[in-house]
file final.pdb (PDB, C-alpha atoms)
MODEL        1
ATOM      1  CA  MET M   1      94.971 123.293 113.075
ATOM      2  CA  ASN M   2      98.160 122.506 111.238
ATOM      3  CA  LEU M   3      98.821 118.971 110.145
ATOM      4  CA  ARG M   4     101.897 117.553 111.852
ATOM      5  CA  HIS M   5     103.815 114.398 111.203
ATOM      6  CA  CYS M   6     105.475 112.195 113.784
ATOM      7  CA  VAL M   7     108.718 110.279 113.708
ATOM      8  CA  LEU M   8     108.052 106.563 113.350
ATOM      9  CA  ILE M   9     109.768 103.701 115.138
ATOM     10  CA  VAL M  10     111.150 101.572 112.354
ATOM     11  CA  PRO M  11     113.523  98.676 113.062
ATOM     12  CA  ILE M  12     115.561  96.713 110.486
ATOM     13  CA  LEU M  13     117.428  99.145 108.309
ATOM     14  CA  LEU M  14     114.519 101.510 107.786
ATOM     15  CA  PHE M  15     114.713 105.204 108.496
ATOM     16  CA  GLY M  16     111.746 107.560 108.803
ATOM     17  CA  SER M  17     111.241 110.255 106.210
ATOM     18  CA  LEU M  18     108.207 112.383 105.555
ATOM     19  CA  ILE M  19     106.508 113.141 102.239
ATOM     20  CA  ALA M  20     109.630 113.368 100.049
ATOM     21  CA  TRP M  21     111.513 110.282  98.979
ATOM     22  CA  THR M  22     115.192 110.295  98.106
ATOM     23  CA  PRO M  23     117.175 107.430  96.585
ATOM     24  CA  PRO M  24     118.320 105.134  99.381
ATOM     25  CA  PRO M  25     122.019 105.190 100.224
ATOM     26  CA  ALA M  26     123.936 102.019  99.483
ATOM     27  CA  GLY M  27     126.614 100.582 101.697
ATOM     28  CA  ALA M  28     129.050  97.723 101.406
ATOM     29  CA  ALA M  29     130.789  95.549 103.980
ATOM     30  CA  THR M  30     133.686  93.230 103.273
ATOM     31  CA  ASN M  31     133.514  89.914 105.086
ATOM     32  CA  ALA M  32     135.822  86.921 105.161
ATOM     33  CA  ALA M  33     135.420  83.189 105.640
ATOM     34  CA  VAL M  34     138.126  81.523 107.730
ATOM     35  CA  GLY M  35     138.781  77.840 108.222
ATOM     36  CA  GLY M  36     141.240  75.038 108.649
ATOM     37  CA  ILE M  37     141.558  71.315 109.313
ATOM     38  CA  GLY M  38     141.607  70.759 113.063
ATOM     39  CA  GLY M  39     141.381  74.477 113.761
ATOM     40  CA  VAL M  40     140.549  77.859 112.277
ATOM     41  CA  ASN M  41     143.177  79.818 110.347
ATOM     42  CA  ASN M  42     145.963  77.296 110.980
ATOM     43  CA  GLY M  43     147.413  77.234 107.456
ATOM     44  CA  THR M  44     145.955  73.882 106.428
ATOM     45  CA  ILE M  45     143.495  75.401 103.955
ATOM     46  CA  GLN M  46     144.539  77.914 101.313
ATOM     47  CA  ASN M  47     143.034  81.312 102.149
ATOM     48  CA  GLY M  48     141.861  79.885 105.477
ATOM     49  CA  ASP M  49     143.046  83.140 106.990
ATOM     50  CA  GLY M  50     140.243  84.996 105.200
ATOM     51  CA  THR M  51     142.357  86.474 102.414
ATOM     52  CA  GLY M  52     141.952  86.341  98.636
ATOM     53  CA  PRO M  53     138.834  84.538  97.387
ATOM     54  CA  ALA M  54     137.757  83.916 100.995
ATOM     55  CA  GLN M  55     136.768  87.579 101.128
ATOM     56  CA  PHE M  56     133.351  88.641  99.884
ATOM     57  CA  THR M  57     131.447  91.918  99.824
ATOM     58  CA  VAL M  58     127.892  92.315 101.032
ATOM     59  CA  ASP M  59     125.999  95.313  99.664
ATOM     60  CA  SER M  60     123.133  96.803 101.643
ATOM     61  CA  VAL M  61     120.502  99.451 100.968
ATOM     62  CA  ASP M  62     118.654 101.434 103.637
ATOM     63  CA  LEU M  63     114.968 101.427 102.738
ATOM     64  CA  ALA M  64     113.080 104.656 103.394
ATOM     65  CA  LEU M  65     109.766 104.815 105.228
ATOM     66  CA  VAL M  66     107.430 107.509 103.931
ATOM     67  CA  LYS M  67     104.348 108.801 105.756
ATOM     68  CA  GLN M  68     101.853 110.970 103.920
ATOM     69  CA  ALA M  69      98.593 112.693 104.756
ATOM     70  CA  ARG M  70      96.050 112.608 101.919
ATOM     71  CA  ASP M  71      92.537 113.911 101.404
ATOM     72  CA  LEU M  72      89.652 111.561 100.618
ATOM     73  CA  ASN M  73      90.495 111.727  96.907
ATOM     74  CA  GLY M  74      94.058 110.600  97.532
ATOM     75  CA  VAL M  75      95.695 113.990  96.975
ATOM     76  CA  VAL M  76      98.827 114.360  99.115
ATOM     77  CA  LEU M  77      98.517 117.225 101.610
ATOM     78  CA  PRO M  78     101.631 119.404 101.886
ATOM     79  CA  PRO M  79     103.387 119.745 105.277
ATOM     80  CA  GLY M  80     101.597 122.332 107.413
ATOM     81  CA  ALA M  81      98.359 122.038 105.420
ATOM     82  CA  GLY M  82      95.336 123.358 107.300
ATOM     83  CA  VAL M  83      92.720 120.847 108.403
ATOM     84  CA  ARG M  84      89.536 121.416 110.357
ATOM     85  CA  PRO M  85      87.865 119.512 113.221
ATOM     86  CA  GLY M  86      85.618 116.770 111.898
ATOM     87  CA  GLN M  87      87.493 116.499 108.602
ATOM     88  CA  GLN M  88      88.534 112.999 107.584
ATOM     89  CA  ILE M  89      91.933 112.344 106.018
ATOM     90  CA  TYR M  90      94.033 109.315 105.169
ATOM     91  CA  PHE M  91      97.467 108.531 106.486
ATOM     92  CA  VAL M  92      99.519 106.474 104.038
ATOM     93  CA  LEU M  93     102.752 104.747 105.044
ATOM     94  CA  TYR M  94     104.915 103.033 102.468
ATOM     95  CA  VAL M  95     108.286 101.392 101.993
ATOM     96  CA  ASP M  96     109.857 101.076  98.541
ATOM     97  CA  ASN M  97     112.313  98.270  97.774
ATOM     98  CA  PRO M  98     114.240  99.275  94.611
ATOM     99  CA  THR M  99     116.512  96.234  94.772
ATOM    100  CA  VAL M 100     115.886  92.845  93.170
ATOM    101  CA  TYR M 101     116.208  91.160  96.560
ATOM    102  CA  PRO M 102     113.371  90.671  99.079
ATOM    103  CA  SER M 103     113.454  92.452 102.424
ATOM    104  CA  ASP M 104     112.475  89.981 105.127
ATOM    105  CA  ASP M 105     110.718  90.706 108.423
ATOM    106  CA  LEU M 106     109.626  94.294 107.799
ATOM    107  CA  ARG M 107     108.436  95.922 111.056
ATOM    108  CA  ILE M 108     106.812  99.335 111.524
ATOM    109  CA  SER M 109     105.219 101.003 114.554
ATOM    110  CA  ASP M 110     103.294 104.279 114.276
ATOM    111  CA  VAL M 111     101.744 106.057 117.257
ATOM    112  CA  LEU M 112      98.660 108.135 116.468
ATOM    113  CA  ASN M 113      98.382 111.435 118.363
ATOM    114  CA  GLU M 114      94.904 111.037 119.871
ATOM    115  CA  ALA M 115      94.804 114.682 120.882
ATOM    116  CA  GLN M 116      94.724 115.548 117.180
ATOM    117  CA  PHE M 117      93.293 112.505 115.392
ATOM    118  CA  THR M 118      90.836 109.657 115.988
ATOM    119  CA  TYR M 119      91.271 106.417 114.073
ATOM    120  CA  VAL M 120      88.239 105.346 112.053
ATOM    121  CA  PRO M 121      87.791 101.611 112.822
ATOM    122  CA  GLY M 122      87.789  99.187 109.912
ATOM    123  CA  THR M 123      89.761 101.407 107.508
ATOM    124  CA  LEU M 124      93.188  99.738 107.681
ATOM    125  CA  GLU M 125      94.250  98.514 104.206
ATOM    126  CA  THR M 126      97.367  97.532 102.247
ATOM    127  CA  THR M 127      98.521  97.412  98.629
ATOM    128  CA  GLN M 128     101.633  96.488  96.654
ATOM    129  CA  VAL M 129     102.748  98.211  93.463
ATOM    130  CA  THR M 130     105.926  98.391  91.389
ATOM    131  CA  ASP M 131     108.902 100.098  93.023
ATOM    132  CA  GLY M 132     109.302 103.758  92.165
ATOM    133  CA  SER M 133     105.561 104.218  91.575
ATOM    134  CA  PRO M 134     104.323 107.825  91.837
ATOM    135  CA  ASP M 135     101.718 108.928  94.372
ATOM    136  CA  ALA M 136      98.793 108.509  91.960
ATOM    137  CA  THR M 137      99.781 104.925  91.117
ATOM    138  CA  ILE M 138     100.075 104.010  94.791
ATOM    139  CA  TRP M 139      96.599 105.386  95.446
ATOM    140  CA  ALA M 140      95.182 103.540  92.421
ATOM    141  CA  GLY M 141      96.577 100.207  93.670
ATOM    142  CA  THR M 142      94.313  97.349  94.678
ATOM    143  CA  TRP M 143      93.790  97.877  98.426
ATOM    144  CA  THR M 144      93.163  94.829 100.606
ATOM    145  CA  PRO M 145      91.362  95.327 103.949
ATOM    146  CA  LEU M 146      93.236  94.313 107.118
ATOM    147  CA  THR M 147      91.841  93.454 110.539
ATOM    148  CA  ASP M 148      92.191  96.108 113.225
ATOM    149  CA  SER M 149      92.706  93.873 116.227
ATOM    150  CA  ILE M 150      95.334  91.310 117.101
ATOM    151  CA  GLY M 151      94.490  87.634 117.449
ATOM    152  CA  ILE M 152      93.045  84.938 115.239
ATOM    153  CA  PRO M 153      92.323  85.371 112.391
ATOM    154  CA  ASP M 154      95.283  87.717 112.011
ATOM    155  CA  ASP M 155      97.131  89.352 109.160
ATOM    156  CA  THR M 156     100.137  91.628 108.749
ATOM    157  CA  ALA M 157      98.944  94.677 110.739
ATOM    158  CA  SER M 158      96.821  95.762 113.679
ATOM    159  CA  PHE M 159      95.663  98.836 115.606
ATOM    160  CA  ILE M 160      95.565  98.608 119.403
ATOM    161  CA  ASP M 161      94.708 100.874 122.321
ATOM    162  CA  THR M 162      97.685 101.535 124.603
ATOM    163  CA  VAL M 163      96.858 104.755 126.497
ATOM    164  CA  ALA M 164      93.931 106.964 127.466
ATOM    165  CA  PRO M 165      91.669 108.186 125.957
ATOM    166  CA  THR M 166      89.967 104.996 124.858
ATOM    167  CA  GLY M 167      90.527 104.173 121.205
ATOM    168  CA  PRO M 168      93.100 102.554 118.937
ATOM    169  CA  ASN M 169      96.303 104.605 118.839
ATOM    170  CA  LEU M 170      99.172 102.251 117.956
ATOM    171  CA  LEU M 171      99.556 100.825 114.461
ATOM    172  CA  SER M 172     101.915  97.877 114.179
ATOM    173  CA  ILE M 173     102.951  96.249 110.928
ATOM    174  CA  GLY M 174     104.815  92.968 110.779
ATOM    175  CA  ALA M 175     106.013  90.743 113.617
ATOM    176  CA  VAL M 176     106.436  93.544 116.158
ATOM    177  CA  PRO M 177     107.387  92.130 119.606
ATOM    178  CA  GLY M 178     104.339  91.577 121.809
ATOM    179  CA  GLN M 179     101.934  91.413 118.862
ATOM    180  CA  SER M 180     100.764  88.486 116.787
ATOM    181  CA  ASN M 181     100.939  90.101 113.357
ATOM    182  CA  MET M 182     102.184  87.911 110.551
ATOM    183  CA  VAL M 183     105.708  88.447 109.205
ATOM    184  CA  VAL M 184     105.894  90.931 106.317
ATOM    185  CA  THR M 185     108.290  90.168 103.458
ATOM    186  CA  LEU M 186     108.725  92.953 100.912
ATOM    187  CA  PRO M 187     109.545  91.428  97.501
ATOM    188  CA  GLY M 188     112.251  92.929  95.334
ATOM    189  CA  SER M 189     111.263  95.773  92.988
ATOM    190  CA  THR M 190     108.085  96.302  95.011
ATOM    191  CA  LEU M 191     106.517  99.096  97.051
ATOM    192  CA  VAL M 192     104.210  98.133  99.918
ATOM    193  CA  ALA M 193     101.786 100.710 101.307
ATOM    194  CA  PHE M 194      99.373 100.832 104.234
ATOM    195  CA  ARG M 195      96.596 103.380 104.696
ATOM    196  CA  PHE M 196      93.984 104.205 107.301
ATOM    197  CA  LEU M 197      91.369 106.887 107.829
ATOM    198  CA  VAL M 198      91.344 109.349 110.731
ATOM    199  CA  THR M 199      89.045 112.131 111.874
ATOM    200  CA  VAL M 200      90.615 115.437 112.867
ATOM    201  CA  ASN M 201      89.707 116.299 116.476
TER     202      ASN M 201
ENDMDL
END
call {"tool": "encode", "arguments": {"input": "final.pdb", "output": "structure tokens"}}
result
Amino acid sequence: MNLRHCVLIVPILLFGSLIAWTPPPAGAATNAAVGGIGGVNNGTIQNGDGTGPAQFTVDSVDLALVKQARDLNGVVLPPGAGVRPGQQIYFVLYVDNPTVYPSDDLRISDVLNEAQFTYVPGTLETTQVTDGSPDATIWAGTWTPLTDSIGIPDDTASFIDTVAPTGPNLLSIGAVPGQSNMVVTLPGSTLVAFRFLVTVN
């Protein structure tokens, strides 16, 4: 069986990428503040028409989502790597924030292909390391266990069962609609990673 990766549903300025990470593209948007006494842009306030110092530029960076498959020792498996039925591997998902600004309300959804993999209950964990950390440093991070199910007490992620066959198949991270996960804020200059164990079918 060849290991395959799936495209992830990632709202809020995140775009899926697999294994390799490239520097995120930066973008800028020029905005303007308009105003006036008794009305907007009526000439009563200097630059009330949004010109000159009333204009400001907002820079944005698209954060990349990376999904990796790793063996039990944390070694990243290359795309197309052969795996055998009954073998256990880790999936690691991470988002790196190279800016000094926090990224609020991070949300990730990842559907597990149950025809190929079975989630091992109780193996969902998270860690945070310095932005730009290599694979070995991510793996060596301090991993904190997360609860699998939604509901109280809850944390930032959960695994739920949405389709047959029976078993958890949908990982959600952050305040995904319809789930009660806590909001995830990614601090500046920080990489946040999530990992879980699966058995190859």
call {"tool": "residues_around", "arguments": {"input": "final.pdb", "residues": "M:Pro85", "least_positions_apart": "4", "cutoff": "9 Å", "atoms": "only C-alpha atoms", "output": "PDB file with C-alpha atoms, in the coordinates of the input"}}
result
ATOM      1  CA  MET M   1      94.971 123.293 113.075  1.00  0.00           C
ATOM      2  CA  GLN M 116      94.724 115.548 117.180  1.00  0.00           C
ATOM      3  CA  THR M 199      89.045 112.131 111.874  1.00  0.00           C
ATOM      4  CA  VAL M 200      90.615 115.437 112.867  1.00  0.00           C
ATOM      5  CA  ASN M 201      89.707 116.299 116.476  1.00  0.00           C
TER       6      ASN M 201
END
call {"tool": "resolve_selection", "arguments": {"input": "final.pdb", "expression": "the PyMOL selection byres ((chain M and resi 120) around 8)", "output": "list in words"}}
result
Thr118, Tyr119, Pro121, Gly122, Thr123, Phe196, Leu197, Val198 and Thr199 of chain M
call {"tool": "resolve_selection", "arguments": {"input": "final.pdb", "expression": "the PyMOL selection byres ((chain M and resi 99-112) around 6)", "output": "PyMOL selection string"}}
result
chain M and resi 8-10+97-98+113-114+169-174+176+183-189
call {"tool": "atom_distance", "arguments": {"input": "final.pdb", "atom1": "atom CA of M:Thr126", "atom2": "atom CA of M:Met182"}}
result
13.6 Å
call {"tool": "resolve_selection", "arguments": {"input": "final.pdb", "expression": "the PyMOL selection byres ((chain M and resi 130-141) around 7)", "output": "number ranges by chain"}}
result
M: 74, 96-98, 127-129, 142-143, 189-191
call {"tool": "atom_distance", "arguments": {"input": "final.pdb", "atom1": "atom CA of M:Ser180", "atom2": "atom CA of M:Ala115"}}
result
27.2 Å
call {"tool": "residues_around", "arguments": {"input": "final.pdb", "residues": "M:Ile150", "least_positions_apart": "5", "cutoff": "8 Å", "atoms": "only C-alpha atoms", "output": "ChimeraX atom specification"}}
result
/M:158-160,179-181
call {"tool": "axis_aligned_box", "arguments": {"input": "final.pdb", "around": "stretch 110-116 of chain M", "padding_each_side": "4 Å", "output": "AutoDock Vina command-line options"}}
result
--center_x 99.0 --center_y 109.9 --center_z 117.6 --size_x 16.6 --size_y 19.3 --size_z 14.6
call {"tool": "atom_distance", "arguments": {"input": "final.pdb", "atom1": "atom CA of M:Leu146", "atom2": "atom CA of M:Phe194"}}
result
9.4 Å
call {"tool": "closest_residue", "arguments": {"input": "final.pdb", "among": "M:Val83, M:Val95, M:Val34, M:Ala29", "to": "M:Ala54", "atoms": "all atoms listed in the file"}}
result
M:Val34
